>>> print(open('model14.cif').read())   # mmCIF, C-alpha atoms
data_entry
#
loop_
_atom_site.label_atom_id
_atom_site.label_comp_id
_atom_site.auth_asym_id
_atom_site.auth_seq_id
_atom_site.Cartn_x
_atom_site.Cartn_y
_atom_site.Cartn_z
CA MET A 1 54.58 -5.81 -29.62
CA ALA A 2 50.95 -5.12 -28.64
CA ASP A 3 47.81 -6.48 -30.21
CA ILE A 4 45.45 -4.25 -32.15
CA PRO A 5 41.89 -4.21 -30.73
CA GLN A 6 39.00 -5.89 -32.48
CA ASP A 7 36.45 -3.62 -34.10
CA PRO A 8 33.40 -3.04 -31.89
CA LYS A 9 30.13 -4.50 -33.19
CA LEU A 10 27.10 -2.29 -33.82
CA GLY A 11 24.96 -4.62 -31.66
CA SER A 12 27.28 -4.11 -28.71
CA ILE A 13 27.13 -0.30 -29.14
CA ILE A 14 23.30 -0.37 -29.26
CA ILE A 15 23.06 -2.50 -26.09
CA LEU A 16 25.50 -0.13 -24.39
CA GLY A 17 23.20 2.76 -25.36
CA PHE A 18 20.36 1.01 -23.51
CA VAL A 19 22.68 0.47 -20.52
CA LEU A 20 23.36 4.20 -20.35
CA VAL A 21 19.65 5.06 -20.46
CA ALA A 22 19.04 2.56 -17.62
CA VAL A 23 21.98 3.74 -15.48
CA PHE A 24 21.23 7.44 -15.85
CA THR A 25 17.57 6.84 -14.98
CA VAL A 26 18.82 5.41 -11.67
CA VAL A 27 21.32 8.28 -11.26
CA THR A 28 18.53 10.85 -11.77
CA MET A 29 16.23 9.08 -9.30
CA LEU A 30 18.98 8.87 -6.67
CA PHE A 31 20.00 12.51 -6.98
CA ALA A 32 16.30 13.45 -6.73
CA LYS A 33 16.11 11.37 -3.51
CA TYR A 34 19.16 13.16 -2.16
CA LEU A 35 17.84 16.63 -3.02
CA ASP A 36 14.55 15.71 -1.39
CA ARG A 37 15.95 14.23 1.85
CA ARG A 38 19.57 15.46 2.06
CA LYS A 39 20.82 12.18 3.49
CA GLU A 40 24.46 11.16 3.01
CA PRO A 41 23.88 7.52 1.91
CA ALA A 42 21.60 8.71 -0.91
CA LEU A 43 24.32 11.07 -2.15
CA THR A 44 27.03 8.39 -1.90
CA LEU A 45 24.90 5.93 -3.84
CA ALA A 46 24.03 8.56 -6.47
CA ILE A 47 27.77 9.26 -6.93
CA THR A 48 28.43 5.50 -7.14
CA PHE A 49 25.99 5.20 -10.04
CA LEU A 50 27.12 8.48 -11.60
CA PHE A 51 30.70 7.19 -11.91
CA TRP A 52 29.43 3.86 -13.22
CA GLY A 53 27.44 5.82 -15.80
CA ILE A 54 30.51 7.91 -16.72
CA SER A 55 32.38 4.62 -17.09
CA GLY A 56 29.69 3.48 -19.56
CA ILE A 57 29.88 6.80 -21.43
CA ALA A 58 33.67 6.43 -21.80
CA VAL A 59 33.29 2.95 -23.32
CA PHE A 60 30.35 4.11 -25.48
CA ILE A 61 32.24 7.11 -26.93
CA GLY A 62 35.35 4.96 -27.48
CA PHE A 63 33.29 2.34 -29.35
CA ILE A 64 31.44 4.91 -31.49
CA LEU A 65 34.62 6.77 -32.47
CA HIS A 66 36.25 3.44 -33.26
CA TYR A 67 33.24 2.25 -35.25
CA ILE A 68 33.01 5.34 -37.46
CA ASN A 69 36.78 5.27 -38.14
CA ILE A 70 37.02 1.57 -39.10
CA PRO A 71 39.53 0.42 -40.28
CA ILE A 72 42.03 1.85 -37.78
CA PRO A 73 45.56 0.68 -38.66
CA ALA A 74 48.42 0.34 -36.16
CA GLY A 75 49.82 3.74 -35.27
CA ASP A 76 46.44 5.48 -35.38
CA ILE A 77 44.34 6.18 -32.26
CA GLN A 78 42.67 2.98 -31.04
CA TYR A 79 39.59 4.69 -29.61
CA SER A 80 37.96 1.57 -28.16
CA ARG A 81 41.06 0.81 -26.06
CA TYR A 82 41.00 4.30 -24.54
CA GLY A 83 37.26 3.92 -23.92
CA ILE A 84 37.65 0.57 -22.19
CA ASN A 85 40.57 1.74 -20.05
CA LEU A 86 38.74 4.88 -18.98
CA GLY A 87 35.68 2.70 -18.36
CA TYR A 88 37.61 0.55 -15.90
CA LEU A 89 39.08 3.69 -14.30
CA PHE A 90 35.67 5.21 -13.59
CA SER A 91 34.31 1.81 -12.56
CA ALA A 92 37.08 1.68 -9.91
CA VAL A 93 35.99 5.11 -8.63
CA SER A 94 32.40 3.84 -8.51
CA ASN A 95 33.61 0.83 -6.53
CA MET A 96 35.18 3.13 -3.92
CA PHE A 97 31.90 4.94 -3.33
CA MET A 98 29.92 1.71 -3.27
CA VAL A 99 31.83 0.35 -0.25
CA LEU A 100 31.47 3.73 1.45
CA PHE A 101 27.71 3.49 0.88
CA ILE A 102 27.67 -0.04 2.37
CA SER A 103 29.53 1.23 5.45
CA GLN A 104 26.97 4.04 5.85
CA ILE A 105 23.87 1.85 5.54
CA PHE A 106 25.17 -1.14 7.51
CA SER A 107 27.04 0.95 10.11
CA GLN A 108 25.45 -1.07 12.93
CA ALA A 109 27.32 -4.21 11.76
CA PRO A 110 30.09 -5.21 14.20
CA MET A 111 32.74 -5.08 11.44
CA PHE A 112 32.04 -1.38 10.80
CA ARG A 113 31.75 -0.57 14.50
CA ARG A 114 35.16 -2.12 15.16
CA THR A 115 36.91 -0.72 12.11
CA LYS A 116 34.98 2.55 11.59
CA LYS A 117 35.91 3.71 8.05
CA THR A 118 38.96 1.46 7.62
CA ILE A 119 37.25 -0.94 5.20
CA PRO A 120 36.10 1.78 2.73
CA LEU A 121 39.51 3.45 3.08
CA VAL A 122 41.48 0.27 2.30
CA ASN A 123 39.07 -0.50 -0.54
CA ALA A 124 39.64 3.01 -1.93
CA ILE A 125 43.42 2.51 -1.82
CA LEU A 126 43.15 -0.86 -3.59
CA ASN A 127 40.93 0.67 -6.28
CA GLY A 128 43.41 3.54 -6.47
CA ILE A 129 45.96 0.96 -7.64
CA THR A 130 43.65 0.11 -10.56
CA ILE A 131 43.39 3.81 -11.39
CA GLY A 132 47.17 4.23 -11.21
CA LEU A 133 47.75 1.22 -13.48
CA ILE A 134 45.30 2.59 -16.05
CA ILE A 135 46.78 6.11 -16.00
CA ASN A 136 50.20 4.51 -16.46
CA THR A 137 48.95 2.39 -19.38
CA ILE A 138 47.40 5.43 -21.08
CA SER A 139 50.48 7.61 -20.59
CA LEU A 140 52.74 4.82 -21.93
CA SER A 141 50.54 4.54 -25.01
CA LEU A 142 50.93 8.26 -25.71
CA ASN A 143 54.72 8.08 -25.62
CA ALA A 144 55.31 4.63 -27.14
CA VAL A 145 57.77 4.16 -30.01
CA ASP A 146 56.49 0.81 -31.31
CA LEU A 147 53.89 1.32 -34.04
CA THR A 148 51.49 -1.19 -32.47
CA GLU A 149 51.84 0.34 -29.01
CA ILE A 150 51.44 4.04 -29.75
CA TYR A 151 47.87 5.29 -29.14
CA ASN A 152 46.94 1.72 -28.19
CA PRO A 153 46.73 1.30 -24.39
CA GLN A 154 46.52 -2.34 -23.37
CA TYR A 155 44.23 -3.76 -20.70
CA PRO A 156 45.98 -6.89 -19.48
CA ILE A 157 43.95 -9.85 -18.18
CA ALA A 158 45.68 -9.62 -14.78
CA GLN A 159 44.45 -6.02 -14.40
CA THR A 160 40.92 -6.99 -15.44
CA ILE A 161 40.91 -9.88 -12.94
CA TYR A 162 42.24 -7.55 -10.21
CA HIS A 163 39.34 -5.19 -10.87
CA LEU A 164 36.95 -8.17 -10.92
CA LEU A 165 38.23 -9.27 -7.49
CA LEU A 166 37.70 -5.80 -6.00
CA THR A 167 34.23 -5.61 -7.52
CA PHE A 168 33.55 -9.12 -6.23
CA PHE A 169 34.59 -8.00 -2.74
CA SER A 170 32.29 -4.95 -2.68
CA PHE A 171 29.28 -6.75 -4.15
CA THR A 172 29.81 -9.79 -1.89
CA LEU A 173 29.94 -7.51 1.15
CA LEU A 174 26.67 -5.94 0.03
CA LEU A 175 25.13 -9.38 -0.64
CA ALA A 176 26.12 -10.86 2.73
CA LEU A 177 24.80 -7.90 4.72
CA SER A 178 21.63 -7.64 2.63
CA PHE A 179 20.86 -11.36 3.05
CA LYS A 180 21.13 -10.91 6.83
CA GLU A 181 18.98 -7.78 6.79
CA ARG A 182 16.38 -9.41 4.54
CA LYS A 183 15.82 -11.99 7.31
CA GLU A 184 15.29 -9.21 9.85
CA ALA A 185 12.75 -7.34 7.72
CA SER A 186 9.21 -7.82 8.92
CA LEU A 187 7.26 -6.22 6.07
CA ARG A 188 6.90 -7.73 2.62
CA TRP A 189 8.00 -4.59 0.79
CA GLU A 190 11.11 -4.27 2.98
CA ARG A 191 12.03 -7.89 2.22
CA ALA A 192 11.37 -7.23 -1.48
CA GLY A 193 13.64 -4.16 -1.30
CA PHE A 194 16.53 -6.24 -0.01
CA THR A 195 15.74 -9.00 -2.52
CA PHE A 196 16.12 -6.46 -5.34
CA ILE A 197 19.38 -5.25 -3.80
CA ILE A 198 20.62 -8.86 -3.65
CA LEU A 199 19.68 -9.35 -7.33
CA TYR A 200 21.43 -6.06 -8.12
CA GLY A 201 24.58 -7.39 -6.42
CA ILE A 202 24.47 -10.70 -8.29
CA SER A 203 23.98 -8.91 -11.64
CA GLY A 204 26.84 -6.54 -10.77
CA ILE A 205 29.24 -9.44 -10.20
CA LEU A 206 28.09 -11.19 -13.39
CA ILE A 207 28.88 -8.09 -15.52
CA TYR A 208 32.57 -8.33 -14.71
CA VAL A 209 32.61 -12.15 -14.82
CA MET A 210 31.27 -11.90 -18.38
CA PHE A 211 33.94 -9.34 -19.34
CA VAL A 212 36.69 -11.59 -17.96
CA LEU A 213 35.23 -14.59 -19.84
CA ASP A 214 35.12 -12.41 -22.96
CA LEU A 215 38.89 -11.98 -22.63
CA ILE A 216 39.77 -15.51 -21.54
CA PHE A 217 37.61 -17.73 -23.78
CA PRO A 218 38.99 -16.50 -27.13
CA LEU A 219 42.49 -17.20 -25.81
CA ILE A 220 41.61 -20.77 -24.78
CA TRP A 221 39.17 -21.74 -27.53
CA SER A 222 39.91 -19.35 -30.38
CA GLU A 223 38.52 -21.88 -32.91
CA ILE A 224 35.10 -21.67 -31.19
CA PHE A 225 34.96 -18.05 -30.09
CA GLY A 226 37.13 -16.42 -32.77
CA LEU A 227 39.36 -13.46 -31.91
CA GLY A 228 36.80 -10.65 -31.66
CA TYR A 229 34.25 -9.79 -28.98
CA THR A 230 32.31 -12.87 -27.89
CA ILE A 231 28.75 -13.45 -26.73
CA PHE A 232 30.04 -12.76 -23.20
CA ASN A 233 30.59 -9.11 -24.08
CA TYR A 234 26.90 -8.76 -24.99
CA LEU A 235 25.90 -10.72 -21.89
CA GLY A 236 27.99 -8.35 -19.75
CA TRP A 237 25.96 -5.40 -21.00
CA VAL A 238 22.69 -7.32 -20.57
CA PHE A 239 23.63 -7.88 -16.92
CA ALA A 240 24.38 -4.15 -16.66
CA ILE A 241 20.78 -3.42 -17.77
CA LEU A 242 19.52 -5.96 -15.21
CA MET A 243 21.74 -4.41 -12.53
CA SER A 244 20.28 -0.96 -13.23
CA THR A 245 16.74 -2.32 -13.22
CA PHE A 246 17.22 -4.02 -9.84
CA ALA A 247 18.94 -0.90 -8.50
CA TYR A 248 15.94 1.16 -9.61
CA LEU A 249 13.59 -1.26 -7.81
CA GLY A 250 15.77 -1.85 -4.75
CA TYR A 251 17.18 1.61 -4.06
CA ALA A 252 14.91 4.13 -5.73
CA MET A 253 11.81 1.96 -5.11
CA PRO A 254 9.09 4.19 -6.57
CA THR A 255 5.95 4.56 -4.43
CA ARG A 256 3.86 2.65 -6.99
CA ILE A 257 6.14 -0.41 -6.69
CA ARG A 258 6.16 -0.17 -2.90
CA ASN A 259 2.35 0.01 -2.78
CA LEU A 260 2.15 -3.06 -5.01
CA LEU A 261 4.38 -4.97 -2.61
CA LYS A 262 2.59 -3.90 0.57
CA GLU A 263 0.48 -6.44 2.44
CA PRO A 264 -3.25 -5.87 1.95
CA GLU A 265 -4.68 -3.83 4.80
CA VAL A 266 -7.02 -5.67 7.17
CA SER A 267 -10.29 -3.78 7.55
CA MET B 27 14.90 2.49 25.24
CA ILE B 28 17.43 0.23 26.97
CA GLU B 29 17.55 0.74 30.73
CA ASN B 30 20.27 -1.60 31.95
CA ALA B 31 22.38 -4.63 31.06
CA ILE B 32 23.22 -7.61 33.26
CA ILE B 33 25.51 -10.56 32.62
CA PHE B 34 24.86 -13.62 34.80
CA SER B 35 27.10 -16.61 35.39
CA LYS B 36 24.86 -19.67 35.24
CA GLU B 37 27.20 -21.64 37.45
CA SER B 38 27.43 -19.19 40.34
CA GLY B 39 24.04 -17.58 39.76
CA GLU B 40 25.64 -14.20 40.41
CA PRO B 41 25.56 -11.11 38.21
CA LEU B 42 29.10 -10.60 36.87
CA ILE B 43 28.27 -7.23 35.33
CA ALA B 44 25.21 -5.11 36.11
CA THR B 45 25.28 -1.67 34.63
CA GLN B 46 22.81 1.18 34.33
CA ILE B 47 22.28 2.64 30.85
CA GLY B 48 18.94 4.45 31.11
CA ASP B 49 17.00 5.45 34.20
CA VAL B 50 16.79 2.07 35.95
CA ASP B 51 19.73 1.12 38.18
CA PRO B 52 20.05 -2.71 38.31
CA ASN B 53 21.77 -2.46 41.70
CA SER B 54 19.03 -0.39 43.34
CA ASP B 55 16.68 -1.71 46.02
CA ALA B 56 13.70 -0.83 43.86
CA PHE B 57 14.97 -3.24 41.19
CA SER B 58 15.94 -6.11 43.54
CA GLU B 59 12.69 -8.01 43.07
CA SER B 60 12.99 -7.75 39.28
CA LEU B 61 16.63 -8.82 39.51
CA GLY B 62 15.53 -11.95 41.37
CA GLN B 63 13.02 -12.78 38.63
CA ILE B 64 15.67 -12.25 35.95
CA LYS B 65 18.19 -14.38 37.84
CA ASP B 66 15.72 -17.23 38.07
CA ILE B 67 15.36 -17.39 34.27
CA ALA B 68 18.89 -16.29 33.37
CA THR B 69 20.51 -19.10 35.34
CA ARG B 70 18.07 -21.80 34.17
CA LEU B 71 17.72 -20.89 30.47
CA GLU B 72 20.02 -23.25 28.59
CA LYS B 73 20.15 -21.50 25.24
CA GLY B 74 18.08 -18.98 23.31
CA VAL B 75 16.08 -15.88 24.12
CA PHE B 76 13.37 -15.37 26.72
CA LYS B 77 11.24 -12.26 27.17
CA LEU B 78 10.16 -11.63 30.74
CA GLY B 79 7.61 -8.98 31.72
CA LEU B 80 8.83 -7.40 34.98
CA ASP B 81 6.02 -4.93 35.61
CA ASP B 82 3.82 -2.54 33.65
CA GLN B 83 6.84 -0.44 32.76
CA LEU B 84 9.70 -2.87 32.12
CA ILE B 85 10.51 -5.97 30.10
CA ALA B 86 13.67 -8.09 30.28
CA GLN B 87 15.14 -9.83 27.26
CA ILE B 88 17.33 -12.69 28.46
CA SER B 89 19.74 -14.27 25.94
CA ALA B 90 21.54 -17.39 27.11
CA GLN B 91 24.64 -19.09 25.81
CA LYS B 92 26.75 -21.90 27.27
CA GLY B 93 27.89 -20.64 30.69
CA ILE B 94 26.45 -17.15 30.76
CA SER B 95 23.37 -15.12 29.93
CA VAL B 96 23.04 -11.50 28.86
CA THR B 97 19.96 -9.56 29.91
CA PHE B 98 18.81 -6.22 28.60
CA VAL B 99 15.99 -4.43 30.38
CA PHE B 100 13.79 -2.15 28.28
CA LYS B 101 10.72 0.00 28.71
CA THR B 102 7.64 -2.00 27.64
CA SER B 103 6.92 0.63 24.96
CA MET B 104 9.79 -0.83 22.89
CA ASP B 105 8.38 -2.56 19.80
CA ASP B 106 9.12 -6.19 18.92
CA LYS B 107 11.16 -5.32 15.85
CA LEU B 108 13.58 -3.19 17.86
CA LEU B 109 13.74 -5.87 20.55
CA SER B 110 14.78 -8.47 17.98
CA GLN B 111 17.56 -6.15 16.79
CA TRP B 112 18.95 -6.14 20.32
CA GLU B 113 19.09 -9.96 20.27
CA GLY B 114 22.04 -9.73 17.89
CA VAL B 115 23.80 -7.26 20.22
CA ALA B 116 23.25 -9.60 23.21
CA LYS B 117 24.62 -12.52 21.21
CA GLU B 118 27.72 -10.56 20.24
CA ILE B 119 28.30 -9.47 23.84
CA ALA B 120 27.80 -13.02 25.14
CA THR B 121 30.21 -14.47 22.56
CA ASN B 122 32.86 -11.84 23.35
CA PHE B 123 32.39 -12.30 27.10
CA GLU B 124 32.83 -16.06 26.91
CA LYS B 125 36.23 -15.47 25.34
CA ILE B 126 37.53 -13.57 28.38
CA TYR B 127 35.55 -15.24 31.18
CA ASP B 128 37.04 -18.16 33.07
CA PRO B 129 34.84 -19.29 36.00
CA ASN B 130 37.87 -20.89 37.65
CA ASN B 131 40.00 -17.77 37.41
CA PHE B 132 37.90 -14.67 37.99
CA ASP B 133 39.87 -11.68 36.70
CA ILE B 134 38.30 -8.42 37.87
CA VAL B 135 40.52 -6.31 35.57
CA LYS B 136 39.40 -8.22 32.49
CA ILE B 137 35.77 -7.97 33.58
CA SER B 138 35.92 -4.21 34.09
CA GLU B 139 37.68 -3.76 30.73
CA PHE B 140 34.96 -5.83 29.14
CA LYS B 141 32.31 -3.65 30.76
CA LYS B 142 33.75 -0.66 28.89
CA SER B 143 33.69 -2.43 25.53
CA MET B 144 30.17 -3.72 26.25
CA LEU B 145 28.99 -0.17 26.88
CA GLU B 146 30.67 0.94 23.64
CA ILE B 147 28.77 -1.75 21.72
CA ILE B 148 25.48 -0.71 23.34
CA GLU B 149 26.07 3.02 22.77
CA TRP B 150 26.99 2.38 19.11
CA HIS B 151 23.83 0.35 18.63
CA LYS B 152 21.76 3.09 20.25
CA LYS B 153 23.37 5.78 18.08
CA GLU B 154 23.26 4.02 14.71
CA LEU B 155 19.96 3.28 13.02
CA SER B 156 19.33 -0.23 11.72
CA PRO B 157 19.98 -0.77 7.97
CA ILE B 158 16.23 -0.95 7.31
CA ASP B 159 15.68 2.36 9.11
CA LYS B 160 18.62 3.93 7.28
CA MET B 161 17.22 2.77 3.93
CA LYS B 162 13.83 4.23 4.86
CA ASP B 163 15.46 7.44 6.04
CA ALA B 164 17.65 7.97 2.97
CA LEU B 165 16.04 6.17 0.06
CA TRP B 166 12.77 4.27 0.55
#
>>> encode(input="model14.cif", output="structure tokens")
Amino acid sequence: MADIPQDPKLGSIIILGFVLVAVFTVVTMLFAKYLDRRKEPALTLAITFLFWGISGIAVFIGFILHYINIPIPAGDIQYSRYGINLGYLFSAVSNMFMVLFISQIFSQAPMFRRTKKTIPLVNAILNGITIGLIINTISLSLNAVDLTEIYNPQYPIAQTIYHLLLTFFSFTLLLALSFKERKEASLRWERAGFTFIILYGISGILIYVMFVLDLIFPLIWSEIFGLGYTIFNYLGWVFAILMSTFAYLGYAMPTRIRNLLKEPEVS
Amino acid sequence: MIENAIIFSKESGEPLIATQIGDVDPNSDAFSESLGQIKDIATRLEKGVFKLGLDDQLIAQISAQKGISVTFVFKTSMDDKLLSQWEGVAKEIATNFEKIYDPNNFDIVKISEFKKSMLEIIEWHKKELSPIDKMKDALW
């Protein structure tokens, strides 16, 4: 017997709309950088954000379809569940490319010299498990017999935590290496660049922490948080907007921002 | 760029590894005076990094740890930022070398194997740009 999803809130859909605008602004900037310079790390990072954006689109479409079809009884298509599952699937793909990007930028680090591409490869396999689990969940939901299970793919807490751990690994790797590099940077705008990347990493981790809390807190304190989406769901999307903003500043770093951060020239 | 690399034992005062990477051979007669200057600092420096100007053309960066010191010799045209990046490489080499080096049991096979891995580390560092340079190259 599976549970039926809560109806998505309009506020959550609107915030998600803003997230998509923010993410695809970064995606556009990064692809423009790649087309301009033809450097592999720029392409890898653009693909990382593209898949994260596709993940957001999947959740967004799922929520909208769910919202306009409310109420959706058991046995009918639970759009939000498909959206969320596909969202995690594309987020896992994004995670694969992110670690590849880290290995390209920080290739001088002893760990990448010793292991070459082993770390991104193992990370890709581990994220592949997430993808496999989600495909399995979706295919089970299409062939289920139980009225509450058909067209209603679950996303178990264990699976969400597994994805959180993998995300935590990739962002922590980025944070650790960026902290070290920030110390090495001699110019103010270079240090600022790595500071933005560090803030991007922290926001990235907090997105998934919020989504896990959104699942866990209603189970522990249902009398306080109720059974629907909690404030943590909104906070997760707010951190996604912050993550995109810091990515825009840290990776795309428009010339105007860089000039603002440059030390005044001595005449 | 980097010209040569020398590992000194502080106890014996002898170079355990001295290998040519660029144009300057550390075992050549022309370099013997510079080698003497490096030895003087490399065997006395307790811990940390010391930059020693050898002549108009060359500068030595001596990084000392407990029982050993690692010296890289560069052309003086090398900028300070790049020099500081090589400090990390010297530290890694020194740490790895201390794991295999026993002053009471000198193992020539281990030392020559280490020389290969040291050269690999140096070549990798020469080949790969620093993260800041890669960011500038691809994105900034």
>>> residues_around(input="model14.cif", residues="range 24-33 of chain A", least_positions_apart="6", cutoff="8 Å", atoms="only C-alpha atoms", output="number ranges by chain")
A: 42-43, 45-47, 49-50, 53, 244, 247-248, 251-252; B: 164-165
>>> residues_around(input="model14.cif", residues="Gln154 in chain A", least_positions_apart="6", cutoff="10 Å", atoms="only C-alpha atoms", output="number ranges by chain")
A: 2-5, 81-82, 84-85, 134, 137-138, 140-141
>>> resolve_selection(input="model14.cif", expression="the PyMOL selection byres ((chain B and resi 41-55) around 6)", output="MDAnalysis selection string")
chainID B and resid 29:34 40 56:58
>>> atom_distance(input="model14.cif", atom1="CA of Tyr67 in chain A", atom2="CA of Ser12 in chain A")
10.9 Å
>>> closest_residue(input="model14.cif", among="A:Leu65, A:Met253, A:Ile157, A:Ile220", to="chain B", atoms="all atoms listed in the file")
A:Met253
>>> interface_residues(input="model14.cif", of="chain A", to="chain B", cutoff="10 Å", atoms="only C-alpha atoms", output="PyMOL selection string")
chain A and resi 29-30+32-34+36-43+45+102+104-110+113-114+177-178+181-182+184-186+190-191+193-194+250-255+258
>>> resolve_selection(input="model14.cif", expression="the PyMOL selection byres ((chain B and resi 126-134) around 12)", output="MDAnalysis selection string")
chainID B and resid 33:40 42:43 92:94 119:125 135:141
>>> residues_around(input="model14.cif", residues="Ile119 in chain A", least_positions_apart="2", cutoff="12 Å", atoms="all atoms listed in the file", output="JSON, numbers by chain")
{"A": [96, 97, 98, 99, 100, 101, 102, 103, 104, 107, 111, 112, 113, 114, 115, 116, 117, 121, 122, 123, 124, 125, 126, 169, 170, 173]}
>>> atom_distance(input="model14.cif", atom1="CA of Leu61 in chain B", atom2="CA of Ala86 in chain B")
9.7 Å
>>> atom_distance(input="model14.cif", atom1="CA of Pro73 in chain A", atom2="CA of Thr160 in chain A")
24.9 Å
>>> closest_residue(input="model14.cif", among="A:Gly226, A:Pro120, A:Pro218, A:Gly236", to="Ser203 in chain A", atoms="all atoms listed in the file")
A:Gly236
>>> resolve_selection(input="model14.cif", expression="the PyMOL selection byres ((chain B and resi 74) around 9)", output="list in words")
Leu71, Glu72, Lys73, Val75, Phe76, Ile88, Ser89, Ala90 and Gln91 of chain B
>>> axis_aligned_box(input="model14.cif", around="range 37-56 of chain B", padding_each_side="3 Å", output="lines of an AutoDock Vina configuration file")
center_x = 21.4
center_y = -8.1
center_z = 38.4
size_x = 21.4
size_y = 33.1
size_z = 21.2
>>> decode(input="model14.cif", residues="range 72-106 of chain B", atoms="C-alpha atoms", output="compact mmCIF listing (two decimals), in the first residue's frame")
# COMPACT_ATOMS: atom_id res chain seq x y z
CA GLU B 72 65.18 23.28 9.86
CA LYS B 73 61.72 23.69 8.36
CA GLY B 74 60.03 25.89 5.78
CA VAL B 75 60.94 27.41 2.45
CA PHE B 76 63.97 29.49 1.50
CA LYS B 77 64.56 31.21 -1.83
CA LEU B 78 68.20 31.48 -2.82
CA GLY B 79 69.42 33.54 -5.77
CA LEU B 80 72.23 31.55 -7.44
CA ASP B 81 73.19 33.96 -10.21
CA ASP B 82 71.50 36.31 -12.68
CA GLN B 83 69.85 33.37 -14.39
CA LEU B 84 68.88 30.90 -11.65
CA ILE B 85 67.01 30.79 -8.36
CA ALA B 86 66.75 27.85 -5.95
CA GLN B 87 63.66 27.18 -3.86
CA ILE B 88 64.65 25.05 -0.89
CA SER B 89 61.86 23.34 1.09
CA ALA B 90 62.92 21.61 4.29
CA GLN B 91 61.18 18.99 6.38
CA LYS B 92 62.44 16.87 9.28
CA GLY B 93 65.45 14.95 7.91
CA ILE B 94 65.49 16.06 4.29
CA SER B 95 65.11 19.05 2.03
CA VAL B 96 63.81 19.29 -1.52
CA THR B 97 65.27 21.92 -3.83
CA PHE B 98 63.93 23.03 -7.17
CA VAL B 99 66.07 25.26 -9.36
CA PHE B 100 64.25 27.64 -11.69
CA LYS B 101 65.09 30.37 -14.16
CA THR B 102 64.83 33.76 -12.42
CA SER B 103 62.13 34.78 -14.91
CA MET B 104 59.66 32.53 -13.04
CA ASP B 105 57.07 34.69 -11.25
CA ASP B 106 56.38 34.45 -7.51
